[in-house]
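Novice: This is the content of upload_26.cif (mmCIF, C-alpha atoms):
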data_data
loop_
_atom_site.label_atom_id
_atom_site.label_comp_id
_atom_site.auth_asym_id
_atom_site.auth_seq_id
_atom_site.Cartn_x
_atom_site.Cartn_y
_atom_site.Cartn_z
CA MET C 177 1.59 154.13 101.95
CA SER C 178 5.10 152.88 101.26
CA PRO C 179 7.89 153.84 103.68
CA GLU C 180 9.78 155.41 100.77
CA LEU C 181 6.84 157.69 99.93
CA GLU C 182 6.37 158.53 103.61
CA GLN C 183 10.02 159.54 103.81
CA LYS C 184 9.85 161.70 100.67
CA LEU C 185 6.69 163.49 101.82
CA SER C 186 8.22 164.08 105.24
CA LEU C 187 11.42 165.45 103.72
CA MET C 188 9.45 167.74 101.40
CA ALA C 189 7.24 169.02 104.24
CA SER C 190 10.31 169.83 106.33
CA HIS C 191 11.71 172.24 103.75
CA ARG C 192 11.55 175.77 105.18
CA SER C 193 9.72 177.28 102.20
CA VAL C 194 7.01 174.58 102.04
CA LEU C 195 3.81 175.71 103.73
CA GLY C 196 2.16 172.34 103.21
CA TYR C 197 1.18 169.63 100.79
CA LEU C 198 -1.96 167.76 99.81
CA LEU C 199 -2.10 164.23 98.47
CA ILE C 200 -5.49 163.96 96.78
CA ALA C 201 -7.33 160.95 95.38
CA ARG C 202 -8.71 161.79 91.95
CA GLY C 203 -12.33 161.13 91.16
CA THR C 204 -15.74 162.73 90.96
CA HIS C 205 -15.28 164.03 94.49
CA PRO C 206 -11.56 164.56 95.18
CA SER C 207 -10.63 163.48 98.68
CA ILE C 208 -7.57 164.24 100.76
CA ILE C 209 -5.51 161.15 101.49
CA ARG C 210 -2.86 162.99 103.43
CA HIS C 211 -1.82 166.57 104.14
CA SER C 212 0.67 168.63 106.05
CA GLY C 213 0.61 172.26 107.06
CA VAL C 214 -2.08 174.26 108.83
CA VAL C 215 -3.11 175.89 105.55
CA PHE C 216 -4.55 172.54 104.43
CA GLU C 217 -6.43 171.63 107.61
CA GLY C 218 -10.22 171.37 107.86
CA GLU C 219 -12.51 173.10 105.39
CA GLN C 220 -9.66 175.13 103.89
CA GLY C 221 -7.92 171.89 102.90
CA LYS C 222 -11.10 170.57 101.30
CA ARG C 223 -11.47 173.79 99.30
CA TYR C 224 -7.87 173.60 98.12
CA ALA C 225 -8.33 169.94 97.12
CA SER C 226 -11.42 170.79 95.10
CA VAL C 227 -9.77 173.77 93.41
CA VAL C 228 -6.59 171.83 92.58
CA ALA C 229 -8.66 169.09 90.95
CA LYS C 230 -10.63 171.69 88.96
CA ILE C 231 -7.43 173.40 87.80
CA VAL C 232 -5.95 170.14 86.52
CA GLU C 233 -9.23 169.17 84.83
CA SER C 234 -9.53 172.59 83.20
CA VAL C 235 -5.98 172.58 81.85
CA GLN C 236 -6.42 169.02 80.56
CA THR C 237 -9.66 170.02 78.82
CA GLY C 238 -7.85 172.97 77.22
CA LEU C 239 -5.06 170.70 75.98
CA ASP C 240 -7.63 168.29 74.55
CA GLU C 241 -9.39 171.16 72.75
CA VAL C 242 -6.14 172.42 71.26
CA ARG C 243 -5.27 168.91 70.13
CA ARG C 244 -8.72 168.45 68.61
CA ASP C 245 -8.54 171.82 66.83
CA ASP C 246 -4.96 171.24 65.75
CA SER C 247 -4.65 170.68 62.04
CA ALA C 248 -2.76 167.44 62.50
CA PRO C 249 -2.06 165.54 59.31
CA ALA C 250 -4.30 162.59 58.49
CA GLY C 251 -3.10 159.33 59.98
CA SER C 252 -1.21 160.98 62.83
CA SER C 253 -1.47 159.51 66.29
CA ASP C 254 -4.71 160.29 68.11
CA GLU C 255 -3.11 160.37 71.55
CA SER C 256 -4.09 163.26 73.74
CA ASP C 257 -1.48 165.27 75.54
CA GLU C 258 -1.59 165.04 79.30
CA VAL C 259 -0.72 167.40 82.11
CA LYS C 260 2.48 166.33 83.89
CA PHE C 261 3.24 169.33 86.11
CA LEU C 262 1.69 172.73 86.83
CA ARG C 263 3.30 175.65 88.58
CA ILE C 264 1.16 178.65 89.51
CA ARG C 265 2.81 181.65 91.10
CA THR C 266 0.99 184.50 92.79
CA LYS C 267 2.37 187.53 94.60
CA ARG C 268 2.54 185.58 97.87
CA HIS C 269 2.76 181.88 97.08
CA GLU C 270 3.56 179.25 94.53
CA LEU C 271 1.34 176.22 94.01
CA MET C 272 2.97 173.23 92.35
CA ILE C 273 0.74 170.40 91.18
CA SER C 274 1.89 167.00 89.99
CA PRO C 275 -1.00 164.94 88.61
CA ASP C 276 -1.01 161.17 88.29
CA GLU C 277 -3.69 158.78 87.02
CA ARG C 278 -5.04 158.16 90.52
CA TYR C 279 -3.60 160.98 92.61
CA LEU C 280 -2.75 164.68 92.66
CA LEU C 281 0.11 166.05 94.70
CA ALA C 282 -0.15 169.76 95.45
CA VAL C 283 2.57 171.67 97.28
CA LEU C 284 2.11 175.23 98.53
CA HIS C 285 5.36 177.07 98.91
CA ASP C 286 6.50 180.55 99.90
CA PRO C 287 9.07 181.62 97.30
CA SER C 288 10.35 184.46 99.49
CA ALA C 289 11.33 181.96 102.21
CA ALA C 290 13.38 179.98 99.70
CA SER C 291 15.55 182.97 98.81
CA SER C 292 16.24 184.16 102.34
#
Output the file's structure as structure tokens, nothing else.
Specialist:
Amino acid sequence: MSPELEQKLSLMASHRSVLGYLLIARGTHPSIIRHSGVVFEGEQGKRYASVVAKIVESVQTGLDEVRRDDSAPAGSSDESDEVKFLRIRTKRHELMISPDERYLLAVLHDPSAASS
């Protein structure tokens, strides 16, 4: 991992509202490359990694379906839309996911800590 990426991940993890992050390798069986925060340790981290990958896959499939069903004019580009960023907020937390071709970065954050 590049020193620049190491520094950015470290800086992000040190933010008071960040509960942790997962850097996940995409693939048939998503695997955790790196993580921070106790919430992502052990089996809980593996479950989060699997769920994050499923969420991204599901949203991408939905976008592809909409594109396919879209009544685009003949001769228009056939490019599919792709997920760039997802933000999911619950009563307690916010999960931000940034997908890449080879990796997924997921950050779990406590929005109430950011405002205090």
Novice: Out of C:Met177, C:Val194, C:Val259, C:Met272, which residue has the shortest atom-to-atom distance to C:Glu233 when counting all atoms listed in the file?
Specialist: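 The answer is C:Val259, which sits nearest to C:Glu233.
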Novice: Under the PyMOL selection byres ((chain C and resi 226-231) around 8), which residues of this model are included? Write them out as a VMD selection string.
Specialist: chain C and resid 202 205 to 206 222 to 225 232 to 235 273 280 282
Novice: Counting all atoms listed in the file, which of C:Asp240, C:Asp245, C:Glu217, C:Asp286 gets nearest to C:Arg265?
Specialist: C:Asp286
Novice: As a PyMOL selection string, please: the residues near C:Ser288 (cut-off 10 Å, only C-alpha atoms, same-chain neighbours under 6 positions excluded).
Specialist: chain C and resi 193+267-270
Novice: Restrict the selected residues to C-alpha atoms and save them as an mmCIF file, in the coordinates of the input.
Specialist:
data_model
loop_
_atom_site.group_PDB
_atom_site.id
_atom_site.type_symbol
_atom_site.label_atom_id
_atom_site.label_comp_id
_atom_site.auth_asym_id
_atom_site.auth_seq_id
_atom_site.Cartn_x
_atom_site.Cartn_y
_atom_site.Cartn_z
ATOM 1 C CA SER C 193 9.720 177.280 102.200
ATOM 2 C CA LYS C 267 2.370 187.530 94.600
ATOM 3 C CA ARG C 268 2.540 185.580 97.870
ATOM 4 C CA HIS C 269 2.760 181.880 97.080
ATOM 5 C CA GLU C 270 3.560 179.250 94.530
#
Novice: Selected by the PyMOL selection byres ((chain C and resi 187-192) around 12) in the shown coordinates: which residues, as a VMD selection string?
Specialist: chain C and resid 180 to 186 193 to 199 210 to 214 281 to 292
Novice: To one decimal place in Å, what is the distance between atom CA of C:Phe261 and atom CA of C:Asp276?
Specialist: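 So the answer is 9.5 Å.
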Novice: Mind pulling up the distance from atom CA of C:Ile209 to atom CA of C:Arg263?
Specialist: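 The value is 21.3 Å.
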Novice: Can you tell me how far atom CA of C:Glu277 sits from atom CA of C:Gln236, in Å to one decimal?
Specialist: 12.4 Å
Novice: Work out where the centre of an axis-aligned box around every listed atom of stretch 240-245 of chain C lies and how long its edges are once 5 Å is added on each side; give both in Å to one decimal as JSON.
Specialist:
{"center_x": -7.3, "center_y": 170.4, "center_z": 70.7, "size_x": 14.1, "size_y": 14.1, "size_z": 17.7}
Novice: Where atoms are absent from stretch 202-225 of chain C, fill them in so it carries N, CA, C and O atoms, then output it as an mmCIF file, in the coordinates of the input.
Specialist:
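What landed in out28.cif:
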data_model
loop_
_atom_site.group_PDB
_atom_site.id
_atom_site.type_symbol
_atom_site.label_atom_id
_atom_site.label_comp_id
_atom_site.auth_asym_id
_atom_site.auth_seq_id
_atom_site.Cartn_x
_atom_site.Cartn_y
_atom_site.Cartn_z
ATOM 1 N N ARG C 202 -7.914 161.250 93.049
ATOM 2 C CA ARG C 202 -8.710 161.790 91.950
ATOM 3 C C ARG C 202 -10.042 161.074 91.886
ATOM 4 O O ARG C 202 -10.179 159.950 92.319
ATOM 5 N N GLY C 203 -11.008 161.730 91.309
ATOM 6 C CA GLY C 203 -12.330 161.130 91.160
ATOM 7 C C GLY C 203 -13.376 162.214 91.062
ATOM 8 O O GLY C 203 -13.065 163.402 90.998
ATOM 9 N N THR C 204 -14.630 161.782 91.053
ATOM 10 C CA THR C 204 -15.740 162.730 90.960
ATOM 11 C C THR C 204 -15.701 163.715 92.118
ATOM 12 O O THR C 204 -15.934 164.897 91.944
ATOM 13 N N HIS C 205 -15.402 163.195 93.297
ATOM 14 C CA HIS C 205 -15.280 164.030 94.490
ATOM 15 C C HIS C 205 -13.867 163.823 95.053
ATOM 16 O O HIS C 205 -13.627 162.864 95.771
ATOM 17 N N PRO C 206 -12.938 164.719 94.700
ATOM 18 C CA PRO C 206 -11.560 164.560 95.180
ATOM 19 C C PRO C 206 -11.525 164.502 96.700
ATOM 20 O O PRO C 206 -12.222 165.256 97.368
ATOM 21 N N SER C 207 -10.727 163.582 97.223
ATOM 22 C CA SER C 207 -10.630 163.480 98.680
ATOM 23 C C SER C 207 -9.157 163.517 99.101
ATOM 24 O O SER C 207 -8.285 163.009 98.402
ATOM 25 N N ILE C 208 -8.925 164.102 100.240
ATOM 26 C CA ILE C 208 -7.570 164.240 100.760
ATOM 27 C C ILE C 208 -7.155 162.923 101.409
ATOM 28 O O ILE C 208 -7.821 162.423 102.315
ATOM 29 N N ILE C 209 -6.063 162.379 100.917
ATOM 30 C CA ILE C 209 -5.510 161.150 101.490
ATOM 31 C C ILE C 209 -4.593 161.511 102.650
ATOM 32 O O ILE C 209 -4.593 160.880 103.688
ATOM 33 N N ARG C 210 -3.824 162.562 102.420
ATOM 34 C CA ARG C 210 -2.860 162.990 103.430
ATOM 35 C C ARG C 210 -2.551 164.469 103.209
ATOM 36 O O ARG C 210 -2.590 164.947 102.096
ATOM 37 N N HIS C 211 -2.202 165.159 104.267
ATOM 38 C CA HIS C 211 -1.820 166.570 104.140
ATOM 39 C C HIS C 211 -0.827 166.928 105.232
ATOM 40 O O HIS C 211 -0.679 166.214 106.213
ATOM 41 N N SER C 212 -0.157 168.037 105.010
ATOM 42 C CA SER C 212 0.670 168.630 106.050
ATOM 43 C C SER C 212 0.498 170.129 105.961
ATOM 44 O O SER C 212 0.151 170.663 104.908
ATOM 45 N N GLY C 213 0.722 170.801 107.039
ATOM 46 C CA GLY C 213 0.610 172.260 107.060
ATOM 47 C C GLY C 213 -0.764 172.725 107.475
ATOM 48 O O GLY C 213 -1.773 172.179 107.045
ATOM 49 N N VAL C 214 -0.804 173.749 108.324
ATOM 50 C CA VAL C 214 -2.080 174.260 108.830
ATOM 51 C C VAL C 214 -2.955 174.841 107.725
ATOM 52 O O VAL C 214 -4.170 174.858 107.844
ATOM 53 N N VAL C 215 -2.331 175.298 106.647
ATOM 54 C CA VAL C 215 -3.110 175.890 105.550
ATOM 55 C C VAL C 215 -4.051 174.861 104.908
ATOM 56 O O VAL C 215 -5.057 175.227 104.326
ATOM 57 N N PHE C 216 -3.734 173.576 105.054
ATOM 58 C CA PHE C 216 -4.550 172.540 104.430
ATOM 59 C C PHE C 216 -5.433 171.788 105.429
ATOM 60 O O PHE C 216 -5.979 170.739 105.102
ATOM 61 N N GLU C 217 -5.593 172.300 106.613
ATOM 62 C CA GLU C 217 -6.430 171.630 107.610
ATOM 63 C C GLU C 217 -7.893 172.010 107.437
ATOM 64 O O GLU C 217 -8.219 173.096 106.974
ATOM 65 N N GLY C 218 -8.783 171.108 107.820
ATOM 66 C CA GLY C 218 -10.220 171.370 107.860
ATOM 67 C C GLY C 218 -10.828 171.744 106.518
ATOM 68 O O GLY C 218 -10.467 171.208 105.465
ATOM 69 N N GLU C 219 -11.769 172.678 106.587
ATOM 70 C CA GLU C 219 -12.510 173.100 105.390
ATOM 71 C C GLU C 219 -11.609 173.762 104.348
ATOM 72 O O GLU C 219 -11.827 173.619 103.156
ATOM 73 N N GLN C 220 -10.606 174.487 104.824
ATOM 74 C CA GLN C 220 -9.660 175.130 103.890
ATOM 75 C C GLN C 220 -8.953 174.083 103.040
ATOM 76 O O GLN C 220 -8.786 174.262 101.837
ATOM 77 N N GLY C 221 -8.562 172.983 103.630
ATOM 78 C CA GLY C 221 -7.920 171.890 102.900
ATOM 79 C C GLY C 221 -8.852 171.291 101.862
ATOM 80 O O GLY C 221 -8.451 171.004 100.736
ATOM 81 N N LYS C 222 -10.112 171.112 102.238
ATOM 82 C CA LYS C 222 -11.100 170.570 101.300
ATOM 83 C C LYS C 222 -11.301 171.503 100.118
ATOM 84 O O LYS C 222 -11.441 171.065 98.976
ATOM 85 N N ARG C 223 -11.333 172.816 100.393
ATOM 86 C CA ARG C 223 -11.470 173.790 99.300
ATOM 87 C C ARG C 223 -10.266 173.737 98.369
ATOM 88 O O ARG C 223 -10.417 173.746 97.147
ATOM 89 N N TYR C 224 -9.079 173.703 98.951
ATOM 90 C CA TYR C 224 -7.870 173.600 98.120
ATOM 91 C C TYR C 224 -7.899 172.341 97.269
ATOM 92 O O TYR C 224 -7.580 172.368 96.091
ATOM 93 N N ALA C 225 -8.276 171.204 97.856
ATOM 94 C CA ALA C 225 -8.330 169.940 97.120
ATOM 95 C C ALA C 225 -9.281 170.042 95.929
ATOM 96 O O ALA C 225 -8.956 169.613 94.817
#
